[in-house]
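Visitor: Structure file query37.cif (mmCIF, C-alpha atoms) is given on the next line.
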data_query
loop_
_atom_site.label_atom_id
_atom_site.label_comp_id
_atom_site.auth_asym_id
_atom_site.auth_seq_id
_atom_site.Cartn_x
_atom_site.Cartn_y
_atom_site.Cartn_z
CA MET A 1 87.42 192.71 81.26
CA MET A 2 87.62 194.49 84.63
CA ARG A 3 84.91 196.95 83.57
CA HIS A 4 82.56 194.06 82.71
CA ILE A 5 83.12 192.47 86.12
CA TRP A 6 82.53 195.81 87.79
CA PHE A 7 79.20 196.41 86.03
CA LEU A 8 78.05 192.98 87.19
CA TRP A 9 78.80 193.94 90.76
CA ILE A 10 76.87 197.19 90.48
CA ALA A 11 73.78 195.03 90.17
CA LEU A 12 74.79 192.96 93.17
CA ALA A 13 75.89 195.78 95.45
CA GLY A 14 72.75 195.61 97.52
CA CYS A 15 73.74 192.09 98.58
CA ALA A 16 76.85 193.28 100.41
CA CYS A 17 75.68 192.81 103.97
CA SER A 18 78.77 191.32 105.59
CA ALA A 19 79.73 191.88 109.23
CA GLY A 20 76.14 192.35 110.36
CA ARG A 21 75.58 195.45 108.21
CA VAL A 22 72.22 196.82 107.26
CA SER A 23 71.77 198.41 103.85
CA HIS A 24 73.20 201.92 103.64
CA ASN A 25 75.07 203.92 101.01
CA HIS A 26 78.50 205.44 101.62
CA ALA A 27 80.50 208.04 99.76
CA MET A 28 84.16 207.03 100.11
CA HIS A 29 83.53 203.29 99.93
CA PRO A 30 80.12 202.60 98.36
CA ASP A 31 78.48 199.25 98.90
CA TRP A 32 79.13 198.17 95.31
CA GLN A 33 82.85 198.78 95.80
CA VAL A 34 83.00 196.72 99.01
CA ALA A 35 81.09 193.88 97.34
CA PHE A 36 83.35 193.98 94.29
CA VAL A 37 86.52 193.84 96.39
CA GLN A 38 85.17 190.99 98.53
CA GLU A 39 84.55 188.98 95.38
CA GLN A 40 87.98 189.74 93.93
CA VAL A 41 89.73 188.80 97.17
CA GLY A 42 87.61 185.69 97.58
CA GLN A 43 88.66 184.47 94.14
CA GLY A 44 92.31 185.33 94.74
CA HIS A 45 92.46 187.90 91.96
CA GLU A 46 95.38 190.31 91.85
CA PRO A 47 96.21 192.98 92.74
CA TYR A 48 93.35 192.73 95.23
CA ALA A 49 94.58 189.65 97.09
CA ALA A 50 98.01 191.17 97.77
CA ALA A 51 96.47 194.51 98.72
CA TYR A 52 94.08 192.78 101.11
CA GLY A 53 96.97 190.97 102.76
CA GLN A 54 98.69 194.33 103.12
CA LEU A 55 95.58 195.80 104.79
CA LEU A 56 95.32 192.92 107.26
CA HIS A 57 99.01 193.26 108.09
CA TYR A 58 98.43 196.85 109.17
CA ALA A 59 95.15 196.04 110.93
CA ASP A 60 96.86 193.27 112.90
CA SER A 61 99.81 195.50 113.76
CA VAL A 62 97.65 198.07 115.59
CA GLN A 63 95.67 195.62 117.72
CA GLY A 64 97.77 196.44 120.78
CA GLN A 65 97.99 200.18 120.10
CA ARG A 66 96.65 202.56 122.74
CA HIS A 67 94.87 205.71 121.64
CA HIS A 68 96.56 209.11 121.74
CA ALA A 69 93.45 211.30 121.93
CA LEU A 70 94.06 214.81 123.26
CA ALA A 71 91.58 217.25 124.74
CA ASP A 72 93.42 220.07 122.95
CA PHE A 73 94.96 219.04 119.64
CA SER A 74 97.68 221.68 119.55
CA VAL A 75 99.99 221.82 116.51
CA PRO A 76 102.38 224.72 115.84
CA GLY A 77 103.24 225.87 112.34
CA PHE A 78 105.49 223.47 110.46
CA TYR A 79 107.85 226.18 109.26
CA VAL A 80 108.12 227.63 112.77
CA LYS A 81 108.54 224.53 114.93
CA PRO A 82 108.88 221.55 112.56
CA GLU A 83 109.86 218.91 115.11
CA GLU A 84 107.10 219.87 117.53
CA HIS A 85 104.67 220.00 114.62
CA ARG A 86 105.55 216.44 113.58
CA ALA A 87 105.49 215.08 117.13
CA ASN A 88 102.14 216.61 118.03
CA SER A 89 100.55 215.60 114.72
CA LEU A 90 101.37 211.93 115.32
CA ALA A 91 98.61 211.64 117.92
CA ILE A 92 95.78 211.87 115.41
CA GLN A 93 97.74 210.43 112.49
CA GLN A 94 98.50 207.15 114.25
CA ASP A 95 94.98 206.77 115.61
CA ALA A 96 93.14 207.82 112.45
CA PHE A 97 95.06 205.38 110.30
CA ALA A 98 94.53 202.60 112.84
CA ALA A 99 90.79 203.31 112.97
CA TYR A 100 90.47 203.46 109.20
CA CYS A 101 92.43 200.30 108.39
CA CYS A 102 90.60 198.34 111.09
CA ALA A 103 87.20 199.58 109.94
CA LEU A 104 87.97 198.58 106.37
CA ALA A 105 89.35 195.21 107.48
CA TYR A 106 86.14 194.63 109.42
CA ARG A 107 83.90 195.50 106.50
CA LEU A 108 85.81 193.22 104.15
CA SER A 109 86.47 190.30 106.50
CA GLY A 110 83.67 190.46 109.06
CA GLU A 111 86.14 189.76 111.88
CA ARG A 112 84.75 191.39 114.99
CA ARG A 113 88.11 192.26 116.54
CA TYR A 114 88.86 194.65 113.71
CA GLY A 115 85.57 196.47 114.10
CA GLU A 116 85.96 196.72 117.85
CA LYS A 117 89.45 198.19 117.49
CA ALA A 118 88.23 200.74 114.97
CA LEU A 119 85.53 201.83 117.39
CA TYR A 120 88.05 202.02 120.22
CA PHE A 121 89.86 204.84 118.42
CA LEU A 122 86.70 206.55 117.18
CA ASN A 123 85.12 206.58 120.62
CA ALA A 124 88.33 207.80 122.27
CA TRP A 125 88.67 210.86 120.05
CA ALA A 126 84.97 211.63 120.27
CA ALA A 127 85.03 211.49 124.06
CA VAL A 128 88.37 213.18 124.74
CA ASN A 129 89.03 215.75 122.01
CA LYS A 130 87.33 219.12 122.51
CA ARG A 131 89.34 221.52 120.36
CA TYR A 132 92.30 222.19 118.09
CA SER A 133 94.75 225.04 118.50
CA GLU A 134 97.90 226.79 117.27
CA HIS A 135 98.59 227.65 113.66
CA ASP A 136 98.50 224.18 112.08
CA GLY A 137 96.06 222.49 114.45
CA VAL A 138 93.16 223.24 112.13
CA LEU A 139 94.97 221.95 109.02
CA VAL A 140 96.25 218.73 110.57
CA MET A 141 92.82 218.09 112.08
CA ALA A 142 91.45 218.33 108.53
CA TYR A 143 93.95 216.21 106.63
CA SER A 144 94.61 213.59 109.32
CA GLY A 145 91.20 213.59 110.98
CA SER A 146 89.76 212.58 107.62
CA GLY A 147 90.82 209.03 108.47
CA LEU A 148 88.51 209.06 111.47
CA LEU A 149 85.59 210.22 109.31
CA MET A 150 86.18 207.51 106.71
CA ALA A 151 86.38 204.91 109.46
CA ALA A 152 83.17 206.23 111.01
CA GLU A 153 81.30 206.00 107.73
CA LEU A 154 82.39 202.39 107.34
CA MET A 155 81.21 201.56 110.86
CA SER A 156 78.13 203.78 111.03
CA ASP A 157 75.54 201.14 110.22
CA THR A 158 77.11 198.13 111.90
CA ARG A 159 75.63 196.64 115.03
CA LEU A 160 78.91 197.01 116.91
CA TRP A 161 78.56 200.78 117.29
CA SER A 162 75.83 201.71 119.73
CA ALA A 163 73.48 204.63 119.18
CA GLU A 164 74.83 206.29 122.31
CA GLU A 165 78.43 206.07 121.12
CA GLN A 166 77.49 207.32 117.67
CA ALA A 167 75.72 210.30 119.21
CA VAL A 168 78.96 211.28 120.98
CA PHE A 169 80.92 210.93 117.75
CA ARG A 170 78.33 212.97 115.86
CA ASP A 171 78.69 215.72 118.45
CA TRP A 172 82.47 215.67 117.94
CA VAL A 173 82.02 216.03 114.18
CA LEU A 174 79.66 218.96 114.73
CA SER A 175 81.73 220.71 117.38
CA VAL A 176 85.33 220.00 116.33
CA TYR A 177 85.90 218.42 112.92
CA ARG A 178 83.36 220.28 110.80
CA PRO A 179 84.30 223.72 112.21
CA ALA A 180 87.94 222.95 111.37
CA VAL A 181 87.36 221.91 107.77
CA ASN A 182 84.81 224.62 107.07
CA GLU A 183 87.21 227.22 108.43
CA ILE A 184 89.89 226.38 105.86
CA ARG A 185 87.79 225.41 102.84
CA VAL A 186 87.83 229.05 101.70
CA HIS A 187 91.63 229.34 101.65
CA LYS A 188 93.50 229.71 98.36
CA ASN A 189 95.97 226.80 98.40
CA ASN A 190 95.92 223.14 99.42
CA TRP A 191 94.31 224.11 102.74
CA ALA A 192 91.11 224.71 100.80
CA ASP A 193 91.28 221.30 99.14
CA TRP A 194 91.68 219.51 102.47
CA GLY A 195 88.91 221.65 103.92
CA ARG A 196 86.47 220.78 101.13
CA PHE A 197 87.31 217.09 101.22
CA GLY A 198 86.88 217.01 105.00
CA SER A 199 83.69 219.05 104.79
CA LEU A 200 82.24 216.58 102.29
CA LEU A 201 83.19 213.67 104.56
CA ALA A 202 81.40 215.39 107.42
CA ALA A 203 78.39 216.20 105.25
CA SER A 204 78.20 212.59 104.08
CA TYR A 205 78.37 211.27 107.64
CA LEU A 206 75.79 213.82 108.85
CA ASN A 207 73.55 213.44 105.78
CA ASP A 208 73.77 217.20 105.26
CA THR A 209 72.81 217.88 101.65
CA ALA A 210 73.14 221.65 102.01
CA GLU A 211 76.80 221.28 102.94
CA VAL A 212 77.37 218.93 100.01
CA THR A 213 75.95 221.59 97.70
CA ALA A 214 78.11 224.31 99.27
CA ASN A 215 81.29 222.31 98.74
CA VAL A 216 80.42 221.41 95.16
CA ARG A 217 79.97 225.11 94.44
CA LEU A 218 83.37 225.93 95.94
CA ILE A 219 85.19 223.19 94.03
CA LYS A 220 83.65 224.05 90.66
CA SER A 221 83.94 227.81 91.02
CA GLU A 222 87.68 227.75 91.65
CA LEU A 223 89.06 225.24 89.15
CA SER A 224 90.40 227.92 86.81
CA ARG A 225 91.95 229.86 89.68
CA LYS A 226 93.71 226.85 91.17
CA ILE A 227 94.87 225.32 87.87
CA ALA A 228 96.67 227.33 85.17
CA SER A 229 96.25 226.85 81.43
CA ASP A 230 99.38 224.65 81.27
CA GLY A 231 98.12 222.38 84.07
CA SER A 232 100.37 223.82 86.79
CA MET A 233 98.94 224.88 90.15
CA PRO A 234 100.34 228.36 90.93
CA GLU A 235 99.65 228.29 94.67
CA GLU A 236 101.66 225.06 94.94
CA THR A 237 104.45 225.43 92.37
CA ARG A 238 105.70 228.55 94.14
CA ARG A 239 106.66 226.50 97.21
CA GLY A 240 110.32 226.22 96.21
CA ALA A 241 111.88 222.75 96.28
CA ASN A 242 108.59 221.29 97.53
CA GLY A 243 106.47 222.44 94.59
CA ILE A 244 105.92 218.92 93.24
CA TRP A 245 104.96 217.68 96.70
CA TYR A 246 102.49 220.51 97.25
CA THR A 247 100.96 219.97 93.81
CA TYR A 248 100.34 216.37 94.82
CA PHE A 249 99.18 217.50 98.27
CA SER A 250 96.53 219.67 96.62
CA LEU A 251 95.40 217.16 94.00
CA ALA A 252 95.00 214.25 96.42
CA PRO A 253 92.17 215.86 98.43
CA MET A 254 90.76 217.65 95.37
CA THR A 255 90.30 214.38 93.49
CA ALA A 256 89.06 212.57 96.60
CA ALA A 257 86.48 215.34 97.05
CA CYS A 258 85.36 214.85 93.44
CA TRP A 259 84.99 211.13 94.14
CA LEU A 260 82.74 211.92 97.11
CA VAL A 261 80.71 214.35 94.99
CA TYR A 262 80.25 211.69 92.33
CA ASN A 263 79.01 209.13 94.83
CA LEU A 264 76.81 211.63 96.70
CA THR A 265 75.26 213.44 93.73
CA GLY A 266 76.19 211.66 90.49
CA GLU A 267 77.96 214.76 89.16
CA ASN A 268 81.30 214.03 87.46
CA ILE A 269 83.68 216.94 88.10
CA PHE A 270 86.62 214.82 86.97
CA VAL A 271 85.76 215.50 83.32
CA GLN A 272 84.59 219.09 83.64
CA GLU A 273 86.53 222.06 82.28
CA GLN A 274 86.47 225.68 83.38
CA ASP A 275 88.02 228.31 81.14
CA GLY A 276 89.95 225.58 79.36
CA VAL A 277 91.47 223.98 82.47
CA SER A 278 90.68 220.69 84.17
CA ILE A 279 91.78 218.38 86.94
CA ARG A 280 93.02 215.96 84.29
CA ALA A 281 95.45 218.59 82.98
CA ALA A 282 96.86 219.15 86.47
CA LEU A 283 97.31 215.40 86.95
CA ASP A 284 99.14 215.08 83.63
CA TYR A 285 101.38 218.00 84.59
CA LEU A 286 102.24 216.43 87.94
CA LEU A 287 102.99 213.01 86.46
CA TYR A 288 105.27 214.42 83.78
CA TYR A 289 107.43 216.34 86.25
CA GLU A 290 107.43 213.57 88.83
CA GLN A 291 109.02 211.48 86.10
CA HIS A 292 111.18 214.33 84.73
CA PRO A 293 112.14 216.42 87.79
CA ASP A 294 115.21 217.84 86.03
CA GLU A 295 112.81 219.75 83.77
CA TRP A 296 110.73 221.23 86.60
CA PRO A 297 110.61 224.94 85.73
CA TRP A 298 110.01 226.25 89.24
CA HIS A 299 113.12 225.07 91.12
CA GLY A 300 116.47 223.59 90.20
CA HIS A 301 116.32 220.59 92.52
CA PRO A 302 112.71 219.69 93.39
CA ASN A 303 111.79 217.02 95.88
CA THR A 304 109.88 214.09 94.42
CA GLY A 305 107.95 211.19 95.88
CA CYS A 306 110.56 208.62 94.91
CA ASP A 307 110.49 205.80 97.49
CA ASP A 308 107.96 207.66 99.68
CA CYS A 309 104.53 206.25 98.65
CA TRP A 310 103.39 209.39 96.81
CA PRO A 311 102.17 210.27 94.19
CA GLU A 312 101.59 206.59 93.36
CA ASP A 313 98.56 206.52 95.65
CA LEU A 314 96.97 209.37 93.70
CA PHE A 315 97.67 207.91 90.27
CA GLU A 316 96.55 204.44 91.33
CA ALA A 317 93.17 205.98 92.12
CA MET A 318 93.12 208.13 88.99
CA GLN A 319 93.96 205.32 86.59
CA GLY A 320 90.62 203.84 87.62
CA ILE A 321 88.83 207.12 86.96
CA TYR A 322 90.43 207.96 83.61
CA GLY A 323 91.65 204.60 82.32
CA ASP A 324 94.90 206.31 81.28
CA LYS A 325 97.71 203.99 80.15
CA ALA A 326 100.38 206.41 81.39
CA TYR A 327 98.88 206.38 84.88
CA ARG A 328 98.62 202.61 84.84
CA ASP A 329 102.19 202.12 83.65
CA PHE A 330 103.37 204.40 86.46
CA VAL A 331 101.63 202.47 89.25
CA VAL A 332 101.62 198.81 88.21
CA PRO A 333 105.28 198.00 89.04
CA GLY A 334 104.93 199.07 92.68
CA ARG A 335 101.56 197.52 93.53
CA PRO A 336 99.94 197.23 95.95
CA HIS A 337 99.96 200.91 96.92
CA ILE A 338 99.06 202.33 100.30
CA TYR A 339 99.60 205.69 102.02
CA PRO A 340 99.66 204.92 105.76
CA LYS A 341 100.87 208.20 107.26
CA HIS A 342 100.46 211.96 107.60
CA HIS A 343 97.30 212.59 105.53
CA PHE A 344 94.41 210.42 104.46
CA ALA A 345 92.71 210.69 101.09
CA TRP A 346 93.71 207.83 98.77
CA VAL A 347 94.96 205.47 101.48
CA PHE A 348 94.12 202.08 99.97
CA PRO A 349 93.83 202.84 96.23
CA THR A 350 94.94 199.43 94.94
CA LEU A 351 92.54 197.52 97.17
CA MET A 352 89.57 199.90 96.82
CA PRO A 353 89.42 200.99 93.15
CA ALA A 354 87.79 204.26 92.16
CA LEU A 355 85.64 203.54 89.11
CA LEU A 356 82.90 205.64 87.50
CA ARG A 357 79.55 204.08 86.80
#
Would you put the structure from the file into structure tokens?
Guide:
Amino acid sequence: MMRHIWFLWIALAGCACSAGRVSHNHAMHPDWQVAFVQEQVGQGHEPYAAAYGQLLHYADSVQGQRHHALADFSVPGFYVKPEEHRANSLAIQQDAFAAYCCALAYRLSGERRYGEKALYFLNAWAAVNKRYSEHDGVLVMAYSGSGLLMAAELMSDTRLWSAEEQAVFRDWVLSVYRPAVNEIRVHKNNWADWGRFGSLLAASYLNDTAEVTANVRLIKSELSRKIASDGSMPEETRRGANGIWYTYFSLAPMTAACWLVYNLTGENIFVQEQDGVSIRAALDYLLYYEQHPDEWPWHGHPNTGCDDCWPEDLFEAMQGIYGDKAYRDFVVPGRPHIYPKHHFAWVFPTLMPALLR
């Protein structure tokens, strides 16, 4: 039934002009998706109504928050100075989430105060931040700064954001964010996945088709290197007790990047195979061992996402892509799902469903 409703809203997507928008396509949250969610919320359908209430709760909670923008976003390596790493990372993590949830609340509700608050954070980082530094500055800029890019795309064609302010933000993307993500998109582990996802967000915002093509090539060319024949991810499983976490931490941006590619080009990497391996196999592998950690072959006592929001966010998004009953059974009891901290890929997966046309 949900698929039938969704196809109806594909035809109506061009009518989604709430909050003073003009017609424009987006990659993370296409117009059809926004229109579909507005209709579901308006009719009180679950799980959308509960997820929308959850979004507004967060958007309301940050109305009094001041920005934490830094001229130099300096983050030491996590395994060298973990406490300093966490403390310094919070600056962009708090502000990026606030910007993103407010931008989405504005697009769905049309309430001006949400849009203005989203722009407050976007404009602050664009005006203040000039660089990133230390070992993990580039990585955290990629995986937390993604929230700023998703917020910017939601706000980019609204009348609240002036051309002058957008020009400053565009310069920040060109001079800070895109150099960061493009620097790490050629790495071998999850750094590459966050780099490619961030690079696609930047390319979408900048309308840079050449960069979209470059990232698609990187993603497709390395599937069989990143994913083994059994579905495991060798660069991530070797991370000791955190192998399950790092597998998730690689698949979240990888799948989000594939979602962007689908919306930007129409190409469906989700179902592609390379040398007998696929993203689907890696997802199945992760879900099995998240549910059966005692059988994890890489460490005797692996950390799991139990009671910590992950990997439910990932599988909530992927049950929409694949229609898999196992994924759905895993996520339904805990709905609505949200990932409001640290990194931003599938942040609002219950509210904003990922569905293939």
Visitor: Measure the distance from atom CA of Asp308 of chain A to atom CA of Ala69 of chain A in Å and round it to one decimal.
Guide: 26.8 Å
Visitor: Which is closer to Pro76 of chain A than all the others in A:Tyr248, A:Trp161, A:Phe344, A:Tyr132, using all atoms listed in the file?
Guide: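 Checking each candidate against Pro76 of chain A, we get A:Tyr132 as the closest.
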Visitor: Residues within 12 Å of (101.9, 219.0, 117.9), file coordinates, counting all atoms listed in the file: what are they? Give the list as a ChimeraX atom specification.
Guide: /A:68,70,72-78,80-93,132-141
Visitor: In the coordinate frame of the file, compute which residues have an atom within 7 Å of (82.5, 195.8, 105.1) when using all atoms listed in the file, and state them as a list of chain:residue names.
Guide: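 Residues satisfying the cut-off, written out: A:Ser18, A:Ala19, A:Val34, A:Leu104, A:Tyr106, A:Arg107, A:Leu108, A:Ser109, A:Gly110, A:Leu154.
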Visitor: Using the chain letters and numbers from the file, which residues does the PyMOL selection byres ((chain A and resi 346-348) around 8) grab, as a PyMOL selection string?
Guide: chain A and resi 252+256+313-314+317+337-340+344-345+349-352
Visitor: For the file shown, report as JSON, numbers by chain the outcome of the PyMOL selection byres ((chain A and resi 120) around 12) at residue level.
Guide: {"A": [62, 63, 64, 65, 66, 67, 68, 69, 95, 96, 98, 99, 100, 102, 103, 113, 114, 115, 116, 117, 118, 119, 121, 122, 123, 124, 125, 126, 127, 148, 151, 152, 155, 160, 161, 165, 169]}
Visitor: Please indicate the distance in Å from atom CA of Thr213 of chain A to atom CA of Leu264 of chain A, rounded to one decimal place.
Guide: 10.0 Å
Visitor: Set the distance at 9 Å and use only C-alpha atoms: which residues neighbour Phe197 of chain A once local chain neighbours fewer than 4 positions away are removed? I'd like the list as a PyMOL selection string.
Guide: chain A and resi 142-143+146+181+185+192-193+201-202+215+253-258+260+345
Visitor: Pick out the closest residue to Ser224 of chain A from this set: A:Asn242, A:Gln274, A:Leu251, A:Arg178. Count only C-alpha atoms.
Guide: A:Gln274
